[in-house]
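Dropping structure-v8.cif in here (mmCIF, C-alpha atoms and all ligand atoms):
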```
data_protein
loop_
_atom_site.label_atom_id
_atom_site.label_comp_id
_atom_site.auth_asym_id
_atom_site.auth_seq_id
_atom_site.Cartn_x
_atom_site.Cartn_y
_atom_site.Cartn_z
CA SER H 1067 0.32 5.68 26.76
CA ALA H 1068 2.83 8.56 26.82
CA GLU H 1069 5.71 6.11 26.56
CA LEU H 1070 4.37 4.53 23.36
CA TRP H 1071 3.68 7.96 21.89
CA GLN H 1072 7.26 9.06 22.57
CA SER H 1073 8.84 5.91 21.18
CA ALA H 1074 6.72 6.23 18.01
CA ALA H 1075 7.70 9.88 17.55
CA ARG H 1076 11.34 8.89 18.07
CA VAL H 1077 11.18 6.25 15.31
CA LEU H 1078 9.85 8.84 12.86
CA ASP H 1079 12.62 11.25 13.88
CA LEU H 1080 15.31 8.63 13.42
CA ASN H 1081 14.01 7.71 9.97
CA TRP H 1082 13.74 11.31 8.72
CA SER H 1083 16.34 11.85 6.02
CA GLY H 1084 16.03 15.60 5.35
CA ASP H 1085 13.28 15.58 2.71
CA HIS H 1086 11.50 12.28 3.24
CA THR H 1087 11.11 9.47 5.76
CA VAL H 1088 12.65 6.07 5.03
CA PRO H 1089 10.55 3.03 6.03
CA SER H 1090 13.57 1.48 7.74
CA ARG H 1091 17.22 2.53 7.75
CA ARG H 1092 18.46 -1.01 7.40
CA LEU H 1093 16.07 -2.67 4.95
CA TYR H 1094 14.49 0.16 2.93
CA PRO H 1095 16.90 3.12 2.64
CA HIS H 1096 14.90 5.14 0.05
CA GLN H 1097 11.37 6.59 -0.11
CA TRP H 1098 8.45 4.18 -0.68
CA SER H 1099 5.13 5.30 -2.07
CA TRP H 1100 2.42 3.82 0.14
CA ASP H 1101 4.72 4.00 3.15
CA ALA H 1102 4.87 7.77 2.60
CA ALA H 1103 1.07 7.94 2.87
CA PHE H 1104 0.87 6.01 6.16
CA ILE H 1105 3.82 7.97 7.51
CA ALA H 1106 2.13 11.29 6.70
CA VAL H 1107 -0.93 10.17 8.69
CA GLY H 1108 1.30 9.88 11.78
CA LEU H 1109 3.43 12.95 11.10
CA ALA H 1110 0.17 14.94 11.04
CA TYR H 1111 0.27 14.77 14.86
CA VAL H 1112 3.92 15.50 15.55
CA ASN H 1113 5.28 17.41 12.57
CA PRO H 1114 2.76 18.37 9.84
CA THR H 1115 5.40 20.31 7.87
CA ARG H 1116 7.34 17.07 7.48
CA ALA H 1117 4.16 15.23 6.47
CA TRP H 1118 3.67 17.68 3.60
CA ARG H 1119 7.36 17.57 2.67
CA ASP H 1120 7.20 13.77 2.50
CA LEU H 1121 4.19 13.84 0.15
CA ARG H 1122 5.77 16.59 -1.93
CA SER H 1123 9.03 14.65 -2.33
CA LEU H 1124 7.07 11.69 -3.62
CA PHE H 1125 4.92 13.66 -6.05
CA GLU H 1126 7.91 15.62 -7.35
CA ALA H 1127 8.95 12.25 -8.76
CA GLN H 1128 5.60 11.66 -10.51
CA TRP H 1129 5.97 10.63 -14.15
CA PRO H 1130 4.47 12.71 -16.99
CA ASP H 1131 1.90 9.93 -17.53
CA GLY H 1132 0.69 10.40 -13.95
CA ARG H 1133 2.21 7.32 -12.36
CA VAL H 1134 3.68 7.82 -8.91
CA PRO H 1135 6.71 5.54 -8.56
CA HIS H 1136 6.76 2.89 -5.85
CA ILE H 1137 10.31 3.84 -4.85
CA VAL H 1138 12.02 7.22 -5.20
CA PHE H 1139 15.73 6.59 -4.91
CA ASP H 1140 17.85 8.67 -2.58
CA PRO H 1141 20.69 10.02 -4.78
CA ASP H 1142 23.11 9.89 -1.84
CA THR H 1143 22.99 6.12 -1.45
CA ALA H 1144 24.94 3.47 -3.36
CA GLU H 1145 23.54 1.14 -6.05
CA ASP H 1146 23.86 -1.89 -3.79
CA ASP H 1147 22.27 -0.36 -0.67
CA TYR H 1148 18.99 -1.84 -1.91
CA PHE H 1149 18.12 -4.51 -4.41
CA PRO H 1150 16.89 -4.04 -7.09
CA GLY H 1151 18.66 -0.66 -7.14
CA PRO H 1152 18.40 2.29 -9.56
CA GLY H 1153 20.64 0.68 -12.20
CA VAL H 1154 18.41 -2.39 -12.53
CA TRP H 1155 15.30 -0.27 -13.08
CA ASN H 1156 17.20 2.02 -15.44
CA VAL H 1157 14.36 4.52 -15.66
CA PRO H 1158 15.03 7.23 -18.28
CA ALA H 1159 15.13 10.93 -17.38
CA TYR H 1160 11.68 12.55 -17.34
CA GLY H 1161 10.36 16.03 -16.57
CA ARG H 1162 12.90 17.59 -14.24
CA ARG H 1163 14.06 14.21 -12.96
CA ARG H 1164 17.44 12.78 -13.78
CA ALA H 1165 17.67 9.23 -15.15
CA ARG H 1166 17.47 6.32 -12.65
CA SER H 1167 15.75 8.35 -9.96
CA SER H 1168 12.82 6.01 -9.37
CA THR H 1169 11.25 2.67 -10.20
CA GLY H 1170 8.54 2.34 -12.86
CA LEU H 1171 6.00 0.47 -10.72
CA VAL H 1172 3.27 1.98 -8.56
CA GLN H 1173 1.74 1.16 -5.16
CA PRO H 1174 -1.77 1.53 -3.70
CA PRO H 1175 -2.88 5.18 -4.12
CA LEU H 1176 -3.43 6.07 -0.49
CA HIS H 1177 -2.03 9.58 -0.77
CA ALA H 1178 -5.30 11.47 -1.22
CA LEU H 1179 -6.56 9.92 2.01
CA ALA H 1180 -3.27 10.79 3.74
CA ALA H 1181 -3.37 14.40 2.49
CA TRP H 1182 -6.94 14.70 3.69
CA GLU H 1183 -5.97 13.37 7.13
CA VAL H 1184 -3.03 15.78 7.46
CA TYR H 1185 -5.29 18.67 6.42
CA ARG H 1186 -7.99 17.62 8.90
CA HIS H 1187 -5.53 17.74 11.79
CA ALA H 1188 -3.92 21.05 10.82
CA SER H 1189 -6.30 23.19 12.89
CA ALA H 1190 -4.97 21.56 16.07
CA HIS H 1191 -1.60 23.19 15.30
CA GLY H 1192 -2.81 26.75 14.71
CA ALA H 1193 -3.60 29.18 11.89
CA ALA H 1194 -0.19 29.03 10.19
CA CYS H 1195 -0.58 25.27 9.87
CA VAL H 1196 -4.03 25.61 8.34
CA ALA H 1197 -2.65 28.07 5.76
CA GLU H 1198 0.20 25.68 4.99
CA ALA H 1199 -2.24 22.79 4.63
CA ARG H 1200 -4.41 24.69 2.13
CA THR H 1201 -1.37 25.59 0.02
CA GLU H 1202 -0.18 21.99 0.03
CA LEU H 1203 -3.64 20.61 -0.80
CA ALA H 1204 -3.88 22.97 -3.76
CA TRP H 1205 -0.44 21.84 -4.99
CA LEU H 1206 -1.24 18.16 -4.54
CA TYR H 1207 -4.78 18.08 -5.91
CA PRO H 1208 -4.06 18.05 -9.70
CA ARG H 1209 -1.24 15.58 -9.10
CA LEU H 1210 -3.49 13.24 -7.12
CA VAL H 1211 -6.06 13.46 -9.92
CA ALA H 1212 -3.38 12.58 -12.51
CA GLN H 1213 -2.38 9.58 -10.37
CA GLN H 1214 -5.99 8.33 -10.37
CA GLU H 1215 -6.36 8.88 -14.11
CA TYR H 1216 -3.20 6.93 -14.85
CA LEU H 1217 -4.49 3.97 -12.82
CA ALA H 1218 -8.04 4.10 -14.14
CA GLU H 1219 -7.14 4.54 -17.81
CA ARG H 1220 -3.73 3.04 -18.54
CA ARG H 1221 -4.00 0.23 -16.04
CA ASP H 1222 -7.41 -1.05 -17.00
CA ALA H 1223 -5.79 -4.13 -18.54
CA GLY H 1224 -8.98 -6.19 -18.36
CA GLY H 1225 -11.17 -3.42 -19.80
CA THR H 1226 -13.49 -3.74 -16.81
CA GLY H 1227 -13.08 -0.41 -15.00
CA LEU H 1228 -10.62 -1.72 -12.41
CA ALA H 1229 -6.88 -1.01 -12.19
CA ALA H 1230 -4.59 -3.99 -12.72
CA ILE H 1231 -1.25 -4.36 -10.98
CA VAL H 1232 1.64 -5.58 -13.13
CA HIS H 1233 3.85 -6.85 -10.29
CA PRO H 1234 3.20 -8.28 -6.81
CA TRP H 1235 5.23 -5.36 -5.40
CA GLU H 1236 2.53 -2.99 -6.67
CA SER H 1237 -0.02 -4.48 -4.28
CA GLY H 1238 2.22 -3.73 -1.30
CA LEU H 1239 1.46 -7.33 -0.22
CA ASP H 1240 4.42 -8.78 -2.06
CA ASN H 1241 4.35 -12.54 -1.48
CA SER H 1242 0.66 -12.87 -0.62
CA PRO H 1243 -0.85 -16.26 -1.52
CA ALA H 1244 -3.31 -14.20 -3.60
CA TRP H 1245 -0.83 -14.25 -6.50
CA ASP H 1246 0.32 -17.88 -6.26
CA THR H 1247 -1.78 -19.24 -9.11
CA VAL H 1248 -0.83 -16.37 -11.44
CA LEU H 1249 2.86 -16.63 -10.55
CA ASP H 1250 2.84 -20.38 -11.18
CA ALA H 1251 2.69 -19.52 -14.88
CA VAL H 1252 5.57 -16.99 -14.62
CA PRO H 1253 8.96 -18.63 -15.21
CA ALA H 1254 11.36 -18.54 -12.23
CA ASP H 1255 14.75 -18.08 -13.88
CA MET H 1256 17.10 -18.76 -10.95
CA SER H 1257 20.12 -17.58 -12.93
CA LEU H 1258 18.76 -14.02 -12.57
CA LEU H 1259 19.69 -14.25 -8.88
CA GLU H 1260 23.31 -15.01 -9.72
CA LEU H 1261 23.38 -11.91 -11.87
CA HIS H 1262 21.47 -9.86 -9.31
CA ARG H 1263 22.33 -10.52 -5.67
CA ARG H 1264 19.52 -10.03 -3.11
CA ARG H 1265 20.32 -7.63 -0.31
CA ASP H 1266 17.23 -8.05 1.91
CA VAL H 1267 18.36 -11.48 3.14
CA ALA H 1268 21.77 -10.09 4.07
CA VAL H 1269 20.14 -7.75 6.60
CA THR H 1270 17.04 -9.75 7.72
CA ASP H 1271 16.25 -13.37 8.54
CA ALA H 1272 15.59 -15.11 5.20
CA ALA H 1273 12.73 -17.13 6.79
CA GLN H 1274 10.83 -13.85 7.22
CA ARG H 1275 11.24 -12.72 3.60
CA PRO H 1276 9.96 -13.94 0.21
CA THR H 1277 11.83 -16.97 -1.15
CA ASP H 1278 14.54 -17.02 -3.85
CA GLU H 1279 12.01 -18.48 -6.24
CA ASP H 1280 9.68 -15.54 -5.55
CA TYR H 1281 12.56 -13.14 -6.20
CA ALA H 1282 13.52 -14.83 -9.47
CA ARG H 1283 9.95 -14.22 -10.66
CA TYR H 1284 9.89 -10.67 -9.26
CA ILE H 1285 13.06 -9.80 -11.18
CA GLY H 1286 11.82 -11.47 -14.35
CA LEU H 1287 8.64 -9.34 -14.19
CA VAL H 1288 10.64 -6.15 -13.57
CA LEU H 1289 12.88 -6.86 -16.58
CA ASN H 1290 9.91 -7.62 -18.83
CA TYR H 1291 8.09 -4.43 -17.87
CA ARG H 1292 11.30 -2.40 -18.11
CA ASP H 1293 12.23 -3.82 -21.51
CA GLY H 1294 8.78 -2.84 -22.77
CA GLY H 1295 9.67 0.74 -21.84
CA TYR H 1296 7.31 0.65 -18.84
CA SER H 1297 4.49 0.96 -21.35
CA ASP H 1298 0.99 -0.18 -20.42
CA THR H 1299 -0.45 -0.72 -23.88
CA GLU H 1300 -1.58 -4.29 -24.59
CA LEU H 1301 -0.55 -5.26 -21.07
CA ALA H 1302 -2.59 -8.42 -20.96
CA GLN H 1303 -0.94 -9.65 -24.17
CA ARG H 1304 2.64 -8.62 -23.42
CA HIS H 1305 3.02 -9.10 -19.70
CA PRO H 1306 2.47 -12.32 -17.73
CA PHE H 1307 1.17 -10.62 -14.58
CA ALA H 1308 -1.92 -8.38 -14.67
CA VAL H 1309 -4.13 -8.78 -11.62
CA GLU H 1310 -7.14 -6.93 -10.20
CA CYS H 1311 -6.55 -6.80 -6.44
CA PRO H 1312 -9.52 -6.07 -4.17
CA GLY H 1313 -7.28 -4.15 -1.74
CA PHE H 1314 -5.69 -1.97 -4.40
CA ASN H 1315 -9.03 -1.16 -6.03
CA SER H 1316 -10.74 -0.45 -2.72
CA ILE H 1317 -7.97 2.06 -2.00
CA LEU H 1318 -8.48 3.49 -5.51
CA ALA H 1319 -12.15 4.14 -4.70
CA THR H 1320 -11.32 5.47 -1.22
CA ALA H 1321 -8.93 7.93 -2.87
CA GLU H 1322 -11.82 9.28 -4.96
CA LEU H 1323 -13.80 9.90 -1.77
CA ALA H 1324 -10.85 11.72 -0.21
CA LEU H 1325 -10.45 13.73 -3.43
CA ALA H 1326 -14.11 14.72 -3.17
CA GLN H 1327 -13.39 16.17 0.29
CA ILE H 1328 -10.26 17.93 -0.93
CA ALA H 1329 -12.08 19.35 -3.97
CA GLY H 1330 -14.74 20.64 -1.57
CA VAL H 1331 -12.14 22.54 0.49
CA LEU H 1332 -10.69 23.99 -2.71
CA GLY H 1333 -14.16 25.17 -3.78
CA ARG H 1334 -14.39 22.79 -6.74
CA THR H 1335 -17.94 21.50 -6.27
CA THR H 1336 -18.35 19.97 -9.73
CA ASP H 1337 -15.10 18.04 -9.30
CA ALA H 1338 -16.22 16.88 -5.86
CA ARG H 1339 -19.39 15.41 -7.37
CA ARG H 1340 -17.38 13.71 -10.13
CA HIS H 1341 -15.07 12.09 -7.54
CA ARG H 1342 -18.03 10.75 -5.57
CA ASP H 1343 -19.51 9.29 -8.76
CA ARG H 1344 -16.18 7.65 -9.61
CA ALA H 1345 -15.99 6.11 -6.14
CA ARG H 1346 -19.46 4.62 -6.61
CA GLU H 1347 -18.53 3.27 -10.05
CA ILE H 1348 -15.35 1.59 -8.83
CA THR H 1349 -17.22 0.17 -5.83
CA ALA H 1350 -19.85 -1.31 -8.14
CA VAL H 1351 -17.20 -3.06 -10.26
CA VAL H 1352 -15.32 -4.38 -7.19
CA SER H 1353 -18.62 -5.66 -5.84
CA ARG H 1354 -19.54 -7.40 -9.09
CA ARG H 1355 -16.25 -8.60 -10.44
CA LEU H 1356 -14.09 -9.51 -7.43
CA TRP H 1357 -16.83 -11.20 -5.40
CA ASP H 1358 -16.94 -14.97 -5.28
CA PRO H 1359 -20.61 -15.85 -4.60
CA ASP H 1360 -19.81 -19.47 -3.69
CA THR H 1361 -17.59 -18.62 -0.74
CA ARG H 1362 -19.02 -15.13 -0.16
CA THR H 1363 -15.54 -13.57 -0.13
CA PHE H 1364 -13.58 -11.08 -2.24
CA ARG H 1365 -10.69 -12.43 -4.31
CA ALA H 1366 -8.03 -11.14 -6.68
CA ARG H 1367 -8.84 -11.69 -10.36
CA ASP H 1368 -6.33 -12.54 -13.08
CA ALA H 1369 -7.09 -9.92 -15.74
CA ARG H 1370 -5.62 -12.15 -18.46
CA THR H 1371 -7.58 -15.34 -17.81
CA GLY H 1372 -10.51 -13.87 -15.87
CA ARG H 1373 -9.98 -16.45 -13.11
CA LEU H 1374 -10.43 -15.62 -9.41
CA SER H 1375 -7.61 -16.53 -7.04
CA PRO H 1376 -8.49 -19.45 -4.74
CA ALA H 1377 -6.64 -17.87 -1.78
CA ARG H 1378 -8.40 -16.01 1.03
CA CYS H 1379 -6.18 -13.08 2.01
CA VAL H 1380 -6.39 -9.89 4.01
CA SER H 1381 -6.72 -7.93 0.73
CA GLY H 1382 -10.14 -9.57 0.31
CA LEU H 1383 -11.31 -7.91 3.54
CA LEU H 1384 -10.42 -4.38 2.44
CA PRO H 1385 -13.58 -3.66 0.38
CA LEU H 1386 -15.06 -3.05 3.86
CA MET H 1387 -13.60 0.46 3.49
CA LEU H 1388 -16.18 1.25 0.79
CA PRO H 1389 -19.30 3.00 2.15
CA ASP H 1390 -21.40 2.00 -0.88
CA LEU H 1391 -20.57 -1.68 -0.67
CA PRO H 1392 -23.85 -3.66 -0.56
CA ALA H 1393 -24.71 -4.46 3.07
CA GLY H 1394 -24.77 -8.21 2.39
CA GLN H 1395 -21.16 -8.12 1.21
CA ALA H 1396 -20.03 -5.94 4.12
CA ASP H 1397 -21.69 -8.43 6.51
CA ALA H 1398 -19.96 -11.33 4.76
CA ILE H 1399 -16.58 -9.63 5.27
CA MET H 1400 -17.33 -9.26 9.00
CA THR H 1401 -18.28 -12.94 9.15
CA GLU H 1402 -14.97 -13.84 7.48
CA ILE H 1403 -13.02 -11.61 9.91
CA ARG H 1404 -14.73 -13.26 12.90
CA SER H 1405 -14.09 -16.77 11.58
CA GLU H 1406 -11.18 -19.04 12.57
CA ARG H 1407 -9.52 -18.03 9.29
CA PHE H 1408 -8.75 -14.49 10.48
CA GLY H 1409 -9.68 -12.99 13.88
CA LEU H 1410 -8.43 -9.67 15.27
CA PRO H 1411 -5.91 -8.31 14.58
CA ALA H 1412 -6.24 -9.93 11.16
CA PRO H 1413 -3.27 -11.95 9.90
CA SER H 1414 -2.20 -11.31 6.29
CA ALA H 1415 -3.60 -14.64 5.11
CA ASP H 1416 -6.04 -17.41 6.07
CA ARG H 1417 -4.77 -19.12 9.26
CA THR H 1418 -6.27 -22.44 8.21
CA ALA H 1419 -4.74 -22.58 4.70
CA PRO H 1420 -1.85 -24.97 3.99
CA SER H 1421 0.19 -21.98 2.72
CA PHE H 1422 -0.13 -20.15 6.05
CA ASP H 1423 3.34 -19.26 7.32
CA THR H 1424 3.69 -17.49 10.67
CA HIS H 1425 7.01 -15.83 9.74
CA ARG H 1426 7.04 -15.16 6.04
CA TYR H 1427 6.11 -11.56 5.29
CA TRP H 1428 2.59 -11.43 3.72
CA ARG H 1429 1.81 -15.16 4.07
CA GLY H 1430 0.66 -15.05 7.71
CA PRO H 1431 2.17 -12.29 9.90
CA ILE H 1432 0.04 -9.42 11.24
CA TRP H 1433 0.68 -6.01 9.68
CA ILE H 1434 -0.42 -2.78 11.34
CA ASN H 1435 -1.22 -0.90 8.12
CA VAL H 1436 -3.84 -3.24 6.66
CA ASN H 1437 -5.44 -3.60 10.08
CA TRP H 1438 -5.59 0.19 10.30
CA LEU H 1439 -7.47 0.18 6.98
CA LEU H 1440 -9.78 -2.60 8.22
CA ARG H 1441 -10.55 -0.57 11.31
CA ARG H 1442 -11.62 2.33 9.12
CA GLY H 1443 -13.88 -0.09 7.26
CA MET H 1444 -15.47 -1.24 10.51
CA GLN H 1445 -16.17 2.38 11.40
CA VAL H 1446 -17.65 3.05 7.95
CA HIS H 1447 -20.09 0.15 8.38
CA GLY H 1448 -20.96 0.92 12.00
CA HIS H 1449 -19.02 -1.86 13.77
CA HIS H 1450 -17.73 0.49 16.43
CA GLY H 1451 -17.24 -2.13 19.13
CA GLU H 1452 -14.98 -4.27 16.99
CA ALA H 1453 -13.17 -1.20 15.62
CA GLU H 1454 -12.30 -0.26 19.21
CA GLU H 1455 -11.31 -3.84 20.06
CA LEU H 1456 -8.99 -3.83 17.05
CA ARG H 1457 -7.48 -0.46 18.00
CA ARG H 1458 -6.61 -1.72 21.47
CA ALA H 1459 -5.21 -5.01 20.18
CA LEU H 1460 -2.93 -3.23 17.70
CA LEU H 1461 -1.61 -0.86 20.35
CA ARG H 1462 -1.02 -3.77 22.74
CA LEU H 1463 0.96 -5.60 20.06
CA VAL H 1464 3.27 -2.64 19.44
CA HIS H 1465 3.53 -1.76 23.12
CA GLU H 1466 4.62 -5.30 24.05
CA HIS H 1467 6.86 -6.08 21.08
CA GLY H 1468 8.10 -2.79 19.60
CA HIS H 1469 7.67 -0.84 16.36
CA TYR H 1470 8.31 -3.82 14.12
CA GLU H 1471 7.48 -4.17 10.45
CA TYR H 1472 5.18 -7.17 11.10
CA PHE H 1473 4.28 -9.56 13.91
CA HIS H 1474 3.99 -13.30 14.50
CA PRO H 1475 0.25 -14.06 14.30
CA GLU H 1476 0.34 -16.43 17.30
CA THR H 1477 2.99 -15.10 19.69
CA GLY H 1478 3.09 -11.43 18.65
CA GLN H 1479 6.88 -11.59 18.28
CA GLY H 1480 8.21 -8.65 16.21
CA LEU H 1481 9.42 -9.68 12.73
CA GLY H 1482 11.20 -8.05 9.80
CA ALA H 1483 12.68 -4.60 10.35
CA PRO H 1484 12.68 -2.95 13.81
CA ALA H 1485 11.99 0.82 14.12
CA PHE H 1486 9.65 0.62 11.14
CA SER H 1487 8.11 3.95 10.16
CA TRP H 1488 4.51 3.11 9.29
CA THR H 1489 4.04 1.03 12.44
CA ALA H 1490 5.17 4.04 14.50
CA ALA H 1491 3.15 6.52 12.44
CA LEU H 1492 -0.11 4.57 12.69
CA CYS H 1493 0.46 4.05 16.40
CA LEU H 1494 0.31 7.83 16.81
CA ASP H 1495 -3.02 7.88 14.98
CA LEU H 1496 -4.40 4.97 17.02
CA LEU H 1497 -3.33 6.67 20.27
CA ALA H 1498 -4.69 10.11 19.37
C1 LIG T 1501 10.76 -4.99 -0.68
O1 LIG T 1501 11.89 -4.63 -0.98
O2 LIG T 1501 10.52 -6.01 -0.04
C2 LIG T 1501 9.63 -4.12 -1.03
O3 LIG T 1501 8.45 -4.59 -0.48
C3 LIG T 1501 9.51 -3.99 -2.51
O4 LIG T 1501 8.79 -2.83 -2.75
#
```
Kindly return the structure encoded in the file as structure tokens.
Amino acid sequence: SAELWQSAARVLDLNWSGDHTVPSRRLYPHQWSWDAAFIAVGLAYVNPTRAWRDLRSLFEAQWPDGRVPHIVFDPDTAEDDYFPGPGVWNVPAYGRRRARSSTGLVQPPLHALAAWEVYRHASAHGAACVAEARTELAWLYPRLVAQQEYLAERRDAGGTGLAAIVHPWESGLDNSPAWDTVLDAVPADMSLLELHRRRDVAVTDAAQRPTDEDYARYIGLVLNYRDGGYSDTELAQRHPFAVECPGFNSILATAELALAQIAGVLGRTTDARRHRDRAREITAVVSRRLWDPDTRTFRARDARTGRLSPARCVSGLLPLMLPDLPAGQADAIMTEIRSERFGLPAPSADRTAPSFDTHRYWRGPIWINVNWLLRRGMQVHGHHGEAEELRRALLRLVHEHGHYEYFHPETGQGLGAPAFSWTAALCLDLLA
């Protein structure tokens, strides 16, 4: 409806900070990596110049090794506006960037897909917009390639051809039950929380956020990675958390497919072919290595021990985005979605599991962004009826409850931050 469109556009306006969009003024006052991608998808409809500026701001903070930081800190905010702030990360100066300007972690590489989406919609805004889009694509392309190479080469901790994440924050699904068994072996040093005070629970209901014990582990992992100079060599030996996430790796392969399209527009046919081959390779490894034949579901794998996570989570549904996924596995994902464990819109974790928590962040609530990705997967595999059902259900949720960060999986109540950017941005795409 027109009303929902206008409220979504207003949220994006309110969260525009001059050269990037913040996810939420209250809870996340800097720029976040995968948020920027979802936000660009929405800005493509209302302000493509801002969409490009957002992506540029993020990639201007790319490290020389190709990693794109999960947070780019706004220099005009104070250290304690967000925890852990720039001083905790203590990233050295690099390239043209001053010290402490970002974190050293990454997030799912959705930016090639976002750039492709913004480009695709440029013609609706006229010739000047198309020219702008081509210029921006040409600027972004080598940077997007460097991002992929960093993940494929330096992050292949298990030596299997998949990218490992070194922190739950890198998955974007912070406290997902998918990491529980790995985190059990990571010490939770509660004294770290006396040294480092959380800020999220000062501005949001603590029952809707990760626990203190989670945070003690999160900080411990940050300090270990930081003290190793954010180096990725011998990760599996030096770092207690190295996990192959099916969601992250499905996005990695999807990025190669988007890069193939972008390379095509830029007239780089050989590169386009190489990207399509890479997508097929990653898909084949996801299909082989993250598939649990006993339960016919996709799971996260601990790259250090080789063990699959016992938890069924929304990340295990995301391989549906891959066009070359074997049909039997795509069908199994649809069966899992239709089961009592998930349903549409899909909650972040198995409704029937003892760990299911209707309020706590990625342990139960419904998130718009992963459902948006699932909907793309349904379209890829020809489930157009369910894709449309999901689209309507997501719009109904936001229309009735507001542009919240996440939603109660039974009542639909809005949870976390209000006026949340990616919810608003994806609403625009779902309405268009
Ligand atoms: C947070 O602060 O909760 C973020 O998800 C970390 O990236």
Using all atoms listed in the file, which of the listed residues (H:Gly1448, H:Pro1130, H:Gly1372, H:Pro1095) sits closest to ligand LIG 1501 (chain T)?
->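 Answer, going by the shortest atom-to-atom distance: H:Pro1095.
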Would you mind telling me which residue in H:Trp1433, H:Tyr1185, H:Trp1438, H:Trp1428 lies nearest to Ser1237 (chain H) when using only C-alpha atoms?
-> H:Trp1428
Test item: residues no farther than 7 Å from ligand LIG 1501 (chain T), counting all atoms listed in the file, as a PyMOL selection string = chain H and resi 1094+1136+1235+1238+1240+1266
Grab the CA of Gln1479 (chain H) to CA of Glu1466 (chain H) distance for me, in Å with one decimal place.
->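 According to the coordinates, CA of Gln1479 (chain H) and CA of Glu1466 (chain H) are separated by 8.8 Å.
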Counting all atoms listed in the file, note down every residue that has an atom within 10 Å of the point (-7.8, -1.2, -6.0) (file coordinates), as a PyMOL selection string.
-> chain H and resi 1173-1175+1217-1218+1228-1231+1237+1310-1321+1348-1349+1352+1366+1381+1384-1385
Given the choices H:Val1196, H:Cys1379, H:Leu1374, H:Leu1171, which gets closest to Tyr1291 (chain H) if the distance is worked out from all atoms listed in the file?
-> H:Leu1171
For Leu1179 (chain H), which of H:Ala1212, H:Ala1251, H:Ile1328, H:Ala1308 is the closest residue, counting all atoms listed in the file?
->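 With all atoms listed in the file as the atom set, the closest residue is H:Ile1328.
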When you draw a straight line from CA of Pro1392 (chain H) to CA of Pro1359 (chain H), how long is it in Å?
-> 13.2 Å
Kindly extract all protein, DNA and RNA residues lying within 9 Å of the coordinates (4.0, 6.1, -9.9) given in the file, considering only C-alpha atoms, and supply them as a PyMOL selection string.
-> chain H and resi 1099+1124-1125+1127-1129+1131-1137+1168-1173+1213+1216
From CA of Arg1458 (chain H) to CA of Pro1475 (chain H) the spacing works out at 15.8 Å
Can you pull out every residue within 12 Å of Ala1197 (chain H), counting all atoms listed in the file, but drop anything in the same chain fewer than 4 positions away, and send it as a PyMOL selection string?
-> chain H and resi 1114-1115+1185+1188-1189+1191-1193+1201-1204
Long-range neighbours of region 1333-1338 of chain H as number ranges by chain, 12 Å cut-off, all atoms listed in the file, 3 positions minimum in chain = H: 1200, 1203-1204, 1207-1208, 1211, 1321-1330, 1341-1345
Since the input lacks some atoms of region 1364-1374 of chain H, please model N, CA and C atoms and print them as a PDB file, in the frame of the given file.
```pdb
ATOM      1  N   PHE H1364     -14.213 -11.809  -1.137  1.00  0.00           N
ATOM      2  CA  PHE H1364     -13.580 -11.080  -2.240  1.00  0.00           C
ATOM      3  C   PHE H1364     -12.227 -11.703  -2.559  1.00  0.00           C
ATOM      4  N   ARG H1365     -11.929 -11.793  -3.855  1.00  0.00           N
ATOM      5  CA  ARG H1365     -10.690 -12.430  -4.310  1.00  0.00           C
ATOM      6  C   ARG H1365     -10.033 -11.560  -5.373  1.00  0.00           C
ATOM      7  N   ALA H1366      -8.725 -11.785  -5.560  1.00  0.00           N
ATOM      8  CA  ALA H1366      -8.030 -11.140  -6.680  1.00  0.00           C
ATOM      9  C   ALA H1366      -8.421 -11.849  -7.970  1.00  0.00           C
ATOM     10  N   ARG H1367      -8.515 -11.068  -9.083  1.00  0.00           N
ATOM     11  CA  ARG H1367      -8.840 -11.690 -10.360  1.00  0.00           C
ATOM     12  C   ARG H1367      -7.697 -11.493 -11.356  1.00  0.00           C
ATOM     13  N   ASP H1368      -7.332 -12.581 -12.018  1.00  0.00           N
ATOM     14  CA  ASP H1368      -6.330 -12.540 -13.080  1.00  0.00           C
ATOM     15  C   ASP H1368      -6.971 -11.855 -14.282  1.00  0.00           C
ATOM     16  N   ALA H1369      -6.459 -10.671 -14.652  1.00  0.00           N
ATOM     17  CA  ALA H1369      -7.090  -9.920 -15.740  1.00  0.00           C
ATOM     18  C   ALA H1369      -6.867 -10.595 -17.094  1.00  0.00           C
ATOM     19  N   ARG H1370      -5.900 -11.501 -17.175  1.00  0.00           N
ATOM     20  CA  ARG H1370      -5.620 -12.150 -18.460  1.00  0.00           C
ATOM     21  C   ARG H1370      -6.538 -13.343 -18.688  1.00  0.00           C
ATOM     22  N   THR H1371      -6.774 -14.124 -17.644  1.00  0.00           N
ATOM     23  CA  THR H1371      -7.580 -15.340 -17.810  1.00  0.00           C
ATOM     24  C   THR H1371      -9.002 -15.145 -17.277  1.00  0.00           C
ATOM     25  N   GLY H1372      -9.207 -14.093 -16.480  1.00  0.00           N
ATOM     26  CA  GLY H1372     -10.510 -13.870 -15.870  1.00  0.00           C
ATOM     27  C   GLY H1372     -10.743 -14.725 -14.630  1.00  0.00           C
ATOM     28  N   ARG H1373      -9.771 -15.545 -14.255  1.00  0.00           N
ATOM     29  CA  ARG H1373      -9.980 -16.450 -13.110  1.00  0.00           C
ATOM     30  C   ARG H1373      -9.758 -15.758 -11.757  1.00  0.00           C
ATOM     31  N   LEU H1374     -10.598 -16.126 -10.779  1.00  0.00           N
ATOM     32  CA  LEU H1374     -10.430 -15.620  -9.410  1.00  0.00           C
ATOM     33  C   LEU H1374      -9.394 -16.463  -8.686  1.00  0.00           C
TER      34      LEU H1374
END
```
